[in-house]
Amino acid sequence: MTNSHFKVADRLQHIKPSATLAVAARAAKMRAAGHDVIGLGAGEPDFDTPEHICAAATQAMAAGQTRYTAVDGTADLKQAVMAKFKRDNGLHYAPENIIISTGAKQCLFNLLQALINPGDEVLLPAPYWVSYPDMVNLAEGSPVAIQAGQQQHFRITPEQLQQAITPRTRLLMLNAPNNPTGMGYSRADYQALGEVLEQHPQVAISSDEIYEPICWAKDGFISFASACPQLQDRSFIINGVSKAYAMTGWRIGYLAGDASIVKAMTKLQSQSTSNACSIAQAAAVAALNGDQQCVHTMRDAFKHRHDWLIPALNKLPHISCLPTDGAFYALPDCTAAIARIDGVEDDLQFSEWLLEQAQLAVVPGSAFLAPGHVRLSYATSMDNLKQAVDRLQRVLEKI
């Protein structure tokens with residue numbers, strides 16, 4: 001049956017499917033049809049979950065930890081999260097400041113639902129992760145982009161922030177290291193933004209720090225709340241185990257922030273998913289409390305790929321790409337290449353052209369409000385990356 005007399009709810013009429021998942025699905029379909037597609041769209045580590053974490057899950061099942069937990073997470077996992085914040089970020093939280101959800105995405109979704117009223121403005125430094133504006137729309141807020149282009153290393157300035165804030169501004173959504181740019185903010189950068197935010201007490205701050213361990217910035221990773229302790233009571237720090245421990249499918253994220261908002265998020269979660277998976281929570285305890293060498297090993301592998309890929313991209317004709325501070329993405333500027341290809345007008349058509357001509361799957365930059373760019377994930381093998389660059393070289397030399 002293809003024709004339905006049901007009308008989709010209005011709130012979903014303007015929500016877009018995830019561009020990154022769409023690229024992965026199309027690449028998989030082409031592979032199934034026999035095409036040799038190299039997928040550079042995936043936003044997840046290409047490593048297996050470390051053995052000691054899987055063993056903790058097995059032990060949890062054997063011990064009967066297969067029942068409902070508290071909606072906002074087990075006491076053990078909350079303690080592990082609190083210890084992580086103290087150990088790695090110098091931040092102190094109580095259990096009532098912590099919620100465990102089904103991935104960092106649910107933490108962000110619940111936060112927006114608990115914090116945003118219809119018409120409230122949410123500031124989104126762009127390029128941004130594809131889900132941010134749609135999450136704001138679902139909360140009936142108004143997403144307001146602050147464009148930070150390649151010329152300013154994809155970082156917003158205090159002047160831009162000041163200009164964007166209005167009496168209706170309720171939240172600033174930060175993400176560093178950033179998806180899709182890989183860029184971070186230094187302590188000084190955050191402090192300069194913090195000086196602006198201090199003048200506007202109605203504005204809360206969410207800081208999506210899911211790529212924290214995958215960071216090679218000169219001064220290392222800095223949490224927003226660590227850099228601006230005077231704003232910690234207005235800050236919501238979001239993190240999880242997906243990227244750090246190659247646990248994307250385990251679906252465990254966590255948020256730390258104001259206890260009253262966390263309580264409201266818990267009430268919402270009690271009427272949606274209830275608790276996150278009990279077994280995955282036990283595995284996350286082992287991840288956060290255990291030996292962190294596995295994290296360092298994966299980070300070093302991503303850094304090695306980054307150090308090879310960025311110079312290789314910049315050697316290609318009509319392509320320009322900045323080195324990054326972390327994560328596992330590159331966001332090359334392809335506007336010069338696009339201008340030289342007949343029938344290709346923008347990055348969406350350029351991505352289609354690459355899929356057809358080079359059998360390369362990338363994500364159009366427009367999905368992240370980065371027109372003229374494409375996002376490449378190097379969460380794949382060096383062999384795949386070298387083949388991908390060879391294919392790019394081959395097709396770009398012809399234009």
# chains A, B, ... in the order shown; residues from 1 in each chain; ligands from 1
>>> residues_around(residues="Thr248 of chain A", least_positions_apart="5", cutoff="12 Å", atoms="only C-alpha atoms", output="number ranges by chain")
A: 42-49, 102-105, 210, 240-243, 253, 280, 284
>>> residues_around(residues="Gln79 of chain A", least_positions_apart="6", cutoff="9 Å", atoms="only C-alpha atoms", output="list in words")
Ala94, Pro95 and Val285 of chain A
>>> select_by_dssp(residues="segment 112-273 of chain A", states="strand (DSSP E or B)", output="ChimeraX atom specification")
/A:121-126,142-147,169-175,204-208,215,235-240,253-256
>>> write_last_selection(atoms="N, CA, C and O atoms", output="CSV table (one decimal), in the first residue's frame")
chain,number,residue,atom,x,y,z
A,121,GLU,N,14.7,31.7,20.7
A,121,GLU,CA,15.7,31.6,19.7
A,121,GLU,C,16.9,30.8,20.3
A,121,GLU,O,17.3,31.0,21.4
A,122,VAL,N,17.4,29.9,19.4
A,122,VAL,CA,18.6,29.1,19.7
A,122,VAL,C,19.7,29.4,18.8
A,122,VAL,O,19.5,29.3,17.5
A,123,LEU,N,20.8,29.8,19.3
A,123,LEU,CA,21.9,30.2,18.4
A,123,LEU,C,22.8,29.0,18.0
A,123,LEU,O,23.2,28.2,18.9
A,124,LEU,N,23.0,28.8,16.7
A,124,LEU,CA,23.7,27.7,16.2
A,124,LEU,C,25.0,28.1,15.4
A,124,LEU,O,24.8,28.6,14.3
A,125,PRO,N,26.1,28.1,16.0
A,125,PRO,CA,27.3,28.4,15.2
A,125,PRO,C,27.4,27.4,14.0
A,125,PRO,O,27.3,26.2,14.2
A,126,ALA,N,27.6,27.9,12.9
A,126,ALA,CA,27.6,27.1,11.7
A,126,ALA,C,29.0,27.2,11.0
A,126,ALA,O,29.6,28.2,11.0
A,142,SER,N,13.2,28.8,17.5
A,142,SER,CA,13.7,29.3,16.2
A,142,SER,C,15.2,29.2,16.1
A,142,SER,O,15.9,29.9,16.9
A,143,PRO,N,15.7,28.3,15.2
A,143,PRO,CA,17.1,28.2,15.1
A,143,PRO,C,17.7,29.5,14.4
A,143,PRO,O,17.2,29.9,13.4
A,144,VAL,N,18.8,30.0,14.9
A,144,VAL,CA,19.4,31.2,14.4
A,144,VAL,C,20.9,30.8,14.1
A,144,VAL,O,21.7,30.6,15.1
A,145,ALA,N,21.3,30.8,12.9
A,145,ALA,CA,22.7,30.4,12.5
A,145,ALA,C,23.6,31.6,12.7
A,145,ALA,O,23.3,32.7,12.3
A,146,ILE,N,24.8,31.3,13.2
A,146,ILE,CA,25.9,32.3,13.2
A,146,ILE,C,27.0,31.7,12.3
A,146,ILE,O,27.6,30.7,12.6
A,147,GLN,N,27.1,32.3,11.1
A,147,GLN,CA,28.0,31.7,10.1
A,147,GLN,C,29.5,32.0,10.4
A,147,GLN,O,29.9,33.1,10.6
A,169,THR,N,16.7,35.3,22.8
A,169,THR,CA,17.7,34.2,22.8
A,169,THR,C,17.6,33.5,24.1
A,169,THR,O,17.7,34.0,25.2
A,170,ARG,N,17.6,32.2,24.0
A,170,ARG,CA,17.5,31.3,25.2
A,170,ARG,C,18.6,30.4,25.3
A,170,ARG,O,19.0,29.9,26.4
A,171,LEU,N,19.3,30.0,24.2
A,171,LEU,CA,20.3,29.0,24.3
A,171,LEU,C,21.3,29.2,23.2
A,171,LEU,O,21.0,29.5,22.0
A,172,LEU,N,22.6,28.9,23.5
A,172,LEU,CA,23.7,28.9,22.5
A,172,LEU,C,24.2,27.4,22.5
A,172,LEU,O,24.5,26.9,23.6
A,173,MET,N,24.2,26.8,21.3
A,173,MET,CA,24.6,25.4,21.2
A,173,MET,C,26.0,25.3,20.6
A,173,MET,O,26.2,25.6,19.4
A,174,LEU,N,27.0,24.9,21.5
A,174,LEU,CA,28.3,24.8,21.0
A,174,LEU,C,28.6,23.3,20.8
A,174,LEU,O,28.0,22.4,21.4
A,175,ASN,N,29.7,23.1,20.0
A,175,ASN,CA,30.1,21.7,19.7
A,175,ASN,C,31.6,21.7,19.3
A,175,ASN,O,31.9,22.3,18.2
A,204,ALA,N,21.3,30.3,28.2
A,204,ALA,CA,22.0,29.1,28.6
A,204,ALA,C,22.9,28.6,27.5
A,204,ALA,O,22.9,29.1,26.4
A,205,ILE,N,23.8,27.7,27.9
A,205,ILE,CA,24.8,27.2,27.0
A,205,ILE,C,24.8,25.7,27.0
A,205,ILE,O,24.9,25.1,28.1
A,206,SER,N,24.7,25.1,25.9
A,206,SER,CA,24.9,23.6,25.8
A,206,SER,C,26.2,23.4,25.0
A,206,SER,O,26.5,24.1,24.0
A,207,SER,N,27.0,22.5,25.6
A,207,SER,CA,28.3,22.2,25.0
A,207,SER,C,28.4,20.8,24.7
A,207,SER,O,28.5,19.9,25.6
A,208,ASP,N,28.3,20.4,23.4
A,208,ASP,CA,28.3,19.1,22.9
A,208,ASP,C,29.8,18.7,22.8
A,208,ASP,O,30.5,19.1,21.9
A,215,CYS,N,41.1,14.6,20.2
A,215,CYS,CA,41.5,16.0,20.1
A,215,CYS,C,43.0,16.0,20.1
A,215,CYS,O,43.7,15.4,20.9
A,235,SER,N,25.4,26.2,32.2
A,235,SER,CA,25.9,25.4,31.1
A,235,SER,C,25.4,23.9,31.3
A,235,SER,O,25.2,23.4,32.4
A,236,PHE,N,25.2,23.3,30.1
A,236,PHE,CA,24.8,21.9,30.0
A,236,PHE,C,25.9,21.2,29.2
A,236,PHE,O,26.0,21.5,28.0
A,237,ILE,N,26.6,20.3,29.8
A,237,ILE,CA,27.7,19.6,29.1
A,237,ILE,C,27.2,18.2,28.7
A,237,ILE,O,26.7,17.4,29.5
A,238,ILE,N,27.3,18.0,27.4
A,238,ILE,CA,26.8,16.7,26.8
A,238,ILE,C,28.0,15.9,26.3
A,238,ILE,O,28.9,16.4,25.7
A,239,ASN,N,28.0,14.6,26.7
A,239,ASN,CA,29.0,13.7,26.3
A,239,ASN,C,28.5,12.3,26.2
A,239,ASN,O,27.3,12.1,26.3
A,240,GLY,N,29.3,11.3,25.9
A,240,GLY,CA,28.8,10.0,25.8
A,240,GLY,C,30.0,9.0,25.5
A,240,GLY,O,31.2,9.5,25.5
A,253,GLY,N,24.5,8.1,26.2
A,253,GLY,CA,25.0,9.5,26.3
A,253,GLY,C,24.7,10.0,27.7
A,253,GLY,O,23.8,9.5,28.4
A,254,TYR,N,25.3,11.1,28.1
A,254,TYR,CA,25.0,11.7,29.4
A,254,TYR,C,25.1,13.2,29.3
A,254,TYR,O,25.8,13.8,28.5
A,255,LEU,N,24.4,13.9,30.2
A,255,LEU,CA,24.4,15.3,30.3
A,255,LEU,C,24.5,15.7,31.8
A,255,LEU,O,24.0,15.1,32.7
A,256,ALA,N,25.3,16.8,32.0
A,256,ALA,CA,25.4,17.4,33.3
A,256,ALA,C,25.0,18.9,33.3
A,256,ALA,O,25.3,19.6,32.4
>>> closest_residue(among="A:Thr324, A:Val23, A:Cys294, A:Lys398", to="Glu51 of chain A", atoms="only C-alpha atoms")
A:Cys294
>>> atom_distance(atom1="atom CA of Gln281 of chain A", atom2="atom CA of Gly73 of chain A")
7.6 Å
>>> residues_around(residues="segment 153-167 of chain A", least_positions_apart="2", cutoff="7 Å", atoms="only C-alpha atoms", output="list in words")
Pro125, Ala148, Gly149, Gln150, Gln151, Thr169, Met183, Ala192, Leu193 and Val196 of chain A
>>> closest_atom_pairs(of="segment 105-184 of chain A", to="segment 361-364 of chain A", cutoff="12 Å", atoms="only C-alpha atoms", output="CSV")
residue,atom,partner,partner_atom,distance
A:Pro127,CA,A:Pro364,CA,11.8
A:Trp129,CA,A:Val363,CA,11.8
A:Val130,CA,A:Val363,CA,10.6
A:Asn179,CA,A:Val363,CA,11.8
A:Pro180,CA,A:Val363,CA,9.6
>>> write_last_selection(atoms="N, CA and C atoms", output="PDB file, in the first residue's frame")
ATOM      1  N   PRO A 127      29.447  26.025  10.434  1.00  0.00           N
ATOM      2  CA  PRO A 127      28.764  24.762  10.234  1.00  0.00           C
ATOM      3  C   PRO A 127      28.397  24.061  11.555  1.00  0.00           C
ATOM      4  N   TRP A 129      26.204  20.430  13.360  1.00  0.00           N
ATOM      5  CA  TRP A 129      25.741  19.063  13.145  1.00  0.00           C
ATOM      6  C   TRP A 129      24.325  19.097  12.585  1.00  0.00           C
ATOM      7  N   VAL A 130      24.038  18.198  11.652  1.00  0.00           N
ATOM      8  CA  VAL A 130      22.812  18.265  10.860  1.00  0.00           C
ATOM      9  C   VAL A 130      21.535  18.254  11.700  1.00  0.00           C
ATOM     10  N   ASN A 179      31.630  18.628  14.634  1.00  0.00           N
ATOM     11  CA  ASN A 179      31.147  17.873  13.478  1.00  0.00           C
ATOM     12  C   ASN A 179      30.313  18.856  12.659  1.00  0.00           C
ATOM     13  N   PRO A 180      30.771  19.276  11.459  1.00  0.00           N
ATOM     14  CA  PRO A 180      31.643  18.548  10.531  1.00  0.00           C
ATOM     15  C   PRO A 180      33.065  19.090  10.370  1.00  0.00           C
TER      16      PRO A 180
END
>>> residues_around(residues="Gln269 of chain A", least_positions_apart="3", cutoff="12 Å", atoms="only C-alpha atoms", output="VMD selection string")
chain A and resid 70 to 73 99 to 102 106 to 111 113 to 114 262 to 266 272 to 276
>>> write_last_selection(atoms="C-alpha atoms", output="short mmCIF file (atom, residue, chain, number, x, y, z; two decimals), in the first residue's frame")
data_model
loop_
_atom_site.label_atom_id
_atom_site.label_comp_id
_atom_site.auth_asym_id
_atom_site.auth_seq_id
_atom_site.Cartn_x
_atom_site.Cartn_y
_atom_site.Cartn_z
CA ALA A 70 16.11 4.36 37.26
CA VAL A 71 14.90 6.53 34.38
CA ASP A 72 17.88 8.89 34.68
CA GLY A 73 20.49 6.13 34.91
CA ILE A 99 21.05 12.23 33.37
CA ILE A 100 21.85 9.14 31.31
CA SER A 101 20.04 8.85 27.99
CA THR A 102 19.92 6.73 24.86
CA GLN A 106 18.61 12.11 23.15
CA CYS A 107 20.29 14.28 25.78
CA LEU A 108 20.22 17.22 23.37
CA PHE A 109 16.67 16.50 22.26
CA ASN A 110 15.42 16.26 25.84
CA LEU A 111 17.29 19.43 26.81
CA GLN A 113 12.22 20.06 24.94
CA ALA A 114 12.75 20.96 28.61
CA VAL A 262 17.68 17.62 34.54
CA LYS A 263 14.58 16.74 36.58
CA ALA A 264 12.35 18.01 33.77
CA MET A 265 14.37 16.02 31.21
CA THR A 266 13.93 12.92 33.38
CA SER A 272 9.35 8.39 25.99
CA THR A 273 12.12 5.81 26.17
CA SER A 274 12.35 5.38 29.95
CA ASN A 275 15.85 4.24 30.97
CA ALA A 276 18.76 3.61 28.62
#
>>> closest_residue(among="A:Ala227, A:Ala57, A:Leu21, A:Val395", to="Ala188 of chain A", atoms="only C-alpha atoms")
A:Ala227
>>> select_by_dssp(residues="segment 195-391 of chain A", states="alpha helix (DSSP H)", output="MDAnalysis selection string")
chainID A and resid 195:198 224:227 259:270 278:289 293:314 335:339 347:357 382:391
>>> closest_residue(among="A:Pro332, A:Gly343, A:Pro311, A:Gly326", to="Ala370 of chain A", atoms="only C-alpha atoms")
A:Pro332
>>> atom_distance(atom1="atom CA of Asp333 of chain A", atom2="atom CA of Leu313 of chain A")
10.1 Å
>>> closest_residue(among="A:Asp233, A:Asp189, A:Asp10, A:Glu198", to="Glu140 of chain A", atoms="only C-alpha atoms")
A:Asp10
>>> closest_residue(among="A:Arg87, A:Tyr132, A:His304, A:Ala246", to="Ser381 of chain A", atoms="only C-alpha atoms")
A:His304
>>> atom_distance(atom1="atom CA of Leu138 of chain A", atom2="atom CA of Ser4 of chain A")
23.7 Å
>>> residues_around(residues="Leu360 of chain A", least_positions_apart="2", cutoff="7 Å", atoms="only C-alpha atoms", output="ChimeraX atom specification")
/A:37-39,354-355,358,362,388
>>> write_last_selection(atoms="C-alpha atoms", output="PDB file, in the first residue's frame")
ATOM      1  CA  VAL A  37      31.775   2.389  -3.559  1.00  0.00           C
ATOM      2  CA  ILE A  38      34.125   3.877  -0.972  1.00  0.00           C
ATOM      3  CA  GLY A  39      32.019   5.407   1.782  1.00  0.00           C
ATOM      4  CA  LEU A 354      31.507  12.129  -7.115  1.00  0.00           C
ATOM      5  CA  LEU A 355      29.250   9.154  -6.451  1.00  0.00           C
ATOM      6  CA  ALA A 358      34.379   8.220  -8.736  1.00  0.00           C
ATOM      7  CA  VAL A 362      30.605  11.992   0.807  1.00  0.00           C
ATOM      8  CA  ALA A 388      39.609   7.661  -2.280  1.00  0.00           C
TER       9      ALA A 388
END
>>> residues_around(residues="His306 of chain A", least_positions_apart="3", cutoff="10 Å", atoms="only C-alpha atoms", output="list in words")
Asp300, Ala301, Phe302, Lys303, Leu309, Ile310, Pro311, Ala312, Pro323, Thr324, Asp325, Gly326, Ala327, Phe328, Tyr329, Ala330, Ser377, Tyr378 and Ala379 of chain A
>>> closest_residue(among="A:Ser278, A:Gln292, A:Gln393, A:Thr297", to="Ala63 of chain A", atoms="only C-alpha atoms")
A:Ser278
